[in-house]
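For reference, the structure discussed in these notes is given below.
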Amino acid sequence: MLPFICRRVGYALLILLGVTFITYLLLFLLPADPARQIAGRSATPEVVSAIRAQLGLDQPFYQQYVGYLGHLLQGDLGRSYIQRTAVSELIGARLRPSLELMAAGIGFELLIGISLGMLAALKRDSFADKLLMAFSFVGVSAPQFIAAMLFLYFFAVQLGWFPLGGYGGASHLMLPALTLGLLGSGWYSRMVRSSMIDVLHQDFIRTARAKGLSRARVIFVHVLPNAIVPVIPMIGIDIGVFMGGLVVVESVFGWPGIGQLAWQSIQQVDIPVIVGVTTLSAVAIVLGNLLADLLIPLVDPRIDIKQH
Amino acid sequence: MKIKALTLAVAATLFTTPLWAETPKSGGNLVVTYQNDVATLDPAIGYDWQNWSMIKSLFGRLMDYKPGTTELVKSLAEDYSVSADGLVYSFTLVKGVKFQNGRELVANDVKYSLERTVNPKTQSPGAGFFSSIVGYDDMTAGKSQTLSGVKVVDDQHLTITLSAPNATFLHIMAINFASVVPKEAVEQWGADFGKHPMGSGAFSLGEWKLGQKLELIKNPNYFQKGLPYVDKITFEIGQDPTVALLRLNKGEVDIAGDGVPPAQFLQFKNDPASKPLLVTGNQLQTGYVTLKTTLPPFDNLKVRQAINMAISKERIVRIINGRAVPANQPLPPAMPGYDTQYKGLPYDVEGAKKLLADAGLAKGFDTELYVMNTDPQPRIAQSIQQDLAKVGIRVQIKSLAQANVIAAGSSKDQAPMVWSGGMAWIADFPDPSNFYGPILGCSGAVDGGWNWALYCNKALDERAAKADAMARPEQQAERTEAWKKIFTDVMADAPWVPIFNEQRFTVRSKRMGGDDALYVDPVHVPVNYDYIWVK
């Protein structure tokens, strides 16, 4: 167990190194000049070069990158060029809302996705199955902006069930989480449907039925645990998406998550924030996958991570 | 002069409290929404349209403007005088003004604040505004830690010496970068002062939850009695502009800070229910096409005039949903010195063809138009391209990132035409000189500069310098006239095609009181929070 984790953490660090390197390199190649941006349009060339020197932007790329890594190891993500605040503070302020939305959003995705997937698998080829699969197809391909706006309009403006965006208690969280749950559930329902159909045809299910177990017992004790295994790595990937990739939904619902910060910093070419958010998303994806790998044996003891 | 009449009318409603005007009421809270984070509230650094008036409300400056107008008035300066040669400004501070930490504001604080902005360590984007003060060069070069031109006489008096007369100096004392800050608070917070601002303004900072909300609380000790009117302003951050308008209709929001999204603009403007909520105002902005006067065939005046006459400005205004008015001269209408009599070059395709034929280019020519690559700039460029095609000029559009256009704009052999949209030019303070030096004067016609036409008319430069030396108050009318003439004379050389002047739109709820001009204040951009009130 321990060697496996060590090896995985080792890989993870390599991936993170690669991600920071590529992000840093891409932003280095960008034609924007942060020093000029900071100095403003009234600045003389001398002032601009003085600022460039203060920020260390006059150094060659490898020096800047090594310097950045050195600071990163100490937990220092640098300071935003636009907001002039520590990047860690900016991210820290948005971490909690992001985690809340992640938990609730993935929760709804699983709840909706697994139930619909099961239903579709059990009623395979029926009208309900086709309807559900069509729904999942629409869900994953609907533009998030339109869908989020429509939900907001119906549930918050017309019906008044939820507040109109913003951050706060559970009532604020419900609508964005439900939106993400409905839209994202398609991936899960399709996955659950096909893997369940696979399992339903296995011999042990026929045996279970033959020995007279109740239908519910067969489905929940024998089919579901087997069918759910491929879903777990998907959650791992989802964690990464929720950490920085929810630009649209966060912006429509005014949810102060990491995605909004990412979007703003990209628009303003705020390089330290872009690198910081990218690194954070990469960490989230790597951690999510690691977690998923560790969870799978608990659900399916046949999988032995020691062999991997 | 229409605009002047308008500003006078505004001033009248605000200051003489005529019978029909409602008297402002004190008290009440209001909610303002924005999509983007508030960057920093450090007055030496903040330089965007969102934090601009927040900083104005948090900090005090020697000079300020009459609310809703571009007219300079004294603020922290109880009085000032200018020496006969226009070089020495003596200021007397209002006595008893207190910072929000309770300490009295004295002349030393003014000196400290100016030096802090100029100090290269502060990395202020506004340091260059103070280059006329004696000692500026030594300080930016790191030779000195103080501005030798700023002398404190006693707690209430200070003098500022300039290296050359500068009629815009009082405007510069009113700009955010000249805000007075207490040294002890700056030193306490260091680089995080922008998150813990402390000044002497009408409001102090309440709670600030990064990325969520920010509160401005009424400063009970504000030196201008009776101001501000509202008790608390809550800025809710991260709100989508479309959602903000929905919330405004529900009464949850009082000012939608981002205005109306372009796609919804016409619908919003024509809807009788929402129309009264929209306030339209002028911006100190002009959008223009530069014609590189050093690069053939644009070195020929007739060609430049022909291009001026070939472009339909009305159509470009329609492309941006009528969010601007067509322009005929460099200055925007809200700027002192704007010439209402001047008609400019008319839209006349046949006339343009004739001018081109006179220049020996009856068959037209090939050229390039540089433009920033974000909407709606490329669409505007296409419209210009089509217009010029009608007179035989074949334009290739180069749509690039902002930094690349700016770099190409000032280089000698590139970018014969540049559309300024998304980059230039918005005035930092309401004075015509701000529209000349950097973008039309010889000093701006350098590599890395903003004068993309590389237009350099020495005679006009001299007249500009002369106008800017008219620093005494009694010379102001004469100075404005001089500037008016300079800009129309620039147009005789036609280095630009002035296209339009963008307008500003603020949406405010029915419960908000105060004159419309306060919601599109030309200086306290976007809204003058000190003077608005809740009905």
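Going by the structure tokens order, chains are called A, B, ..., each with residues numbered from 1, while ligands are numbered from 1 in the order shown.
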
Using only C-alpha atoms, what does the table of chain A residues within 6 Å of chain B look like, with each row giving the shortest atom pair and its distance in Å to one decimal, sorted by chain and ascending number, as a Markdown table?
| residue | atom | partner | partner_atom | distance |
| --- | --- | --- | --- | --- |
| A:Ala32 | CA | B:Ala403 | CA | 5.6 |
| A:Ala39 | CA | B:Pro125 | CA | 4.3 |
| A:Gly40 | CA | B:Pro125 | CA | 4.2 |
| A:Ser42 | CA | B:Gly128 | CA | 5.3 |
| A:Ala43 | CA | B:Gly128 | CA | 5.5 |
| A:Gln83 | CA | B:Ala39 | CA | 4.3 |
| A:Ala93 | CA | B:Leu210 | CA | 5.9 |
| A:Ser251 | CA | B:Asp240 | CA | 5.7 |
| A:Val252 | CA | B:Asp240 | CA | 5.3 |
| A:Gly254 | CA | B:Gln239 | CA | 4.5 |
| A:Pro256 | CA | B:Gly211 | CA | 5.6 |

Write the residues of the preceding selection, restricted to C-alpha atoms, as a tab-separated table (two decimals), in the first residue's frame.
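Final output, part07.tsv:
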chain	number	residue	atom	x	y	z
A	32	ALA	CA	1.88	41.18	-22.84
A	39	ALA	CA	3.59	51.29	-14.91
A	40	GLY	CA	0.57	52.78	-16.68
A	42	SER	CA	2.10	57.90	-18.40
A	43	ALA	CA	5.32	56.05	-17.56
A	83	GLN	CA	-4.82	43.38	-7.37
A	93	ALA	CA	-10.71	33.52	-0.07
A	251	SER	CA	-20.27	33.79	-13.09
A	252	VAL	CA	-24.03	33.48	-13.78
A	254	GLY	CA	-22.34	35.09	-8.75
A	256	PRO	CA	-17.25	33.47	-5.59

Distance of atom CA of Gln268 of chain A from atom CA of Ala35 of chain A, expressed in Å to one decimal place: 13.4 Å

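Computed from the coordinates, the atom CA of Glu22 of chain B to atom CA of Pro276 of chain B distance equals 17.3 Å.
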
Polymer residues at most 6 Å from segment 468-477 of chain B, only C-alpha atoms, same-chain spacing of 3 or more positions, as a list in words: Gly86, Pro165, Asn166, Ala167, Ala465 and Thr480 of chain B

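Residue nearest Phe220 of chain A, chosen from A:Leu150, A:Leu200, A:Val273, A:Met243 and counting only C-alpha atoms: A:Leu200.
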
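Comparing B:Phe505, B:Trp52, B:Trp208, B:Tyr519 by their smallest distance to Arg323 of chain B, the closest is B:Phe505 (using only C-alpha atoms).
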
Filtered DSSP result for segment 15-112 of chain A, state alpha helix (DSSP H), as number ranges by chain: A: 15-29, 34-39, 45-55, 61-73, 87-112
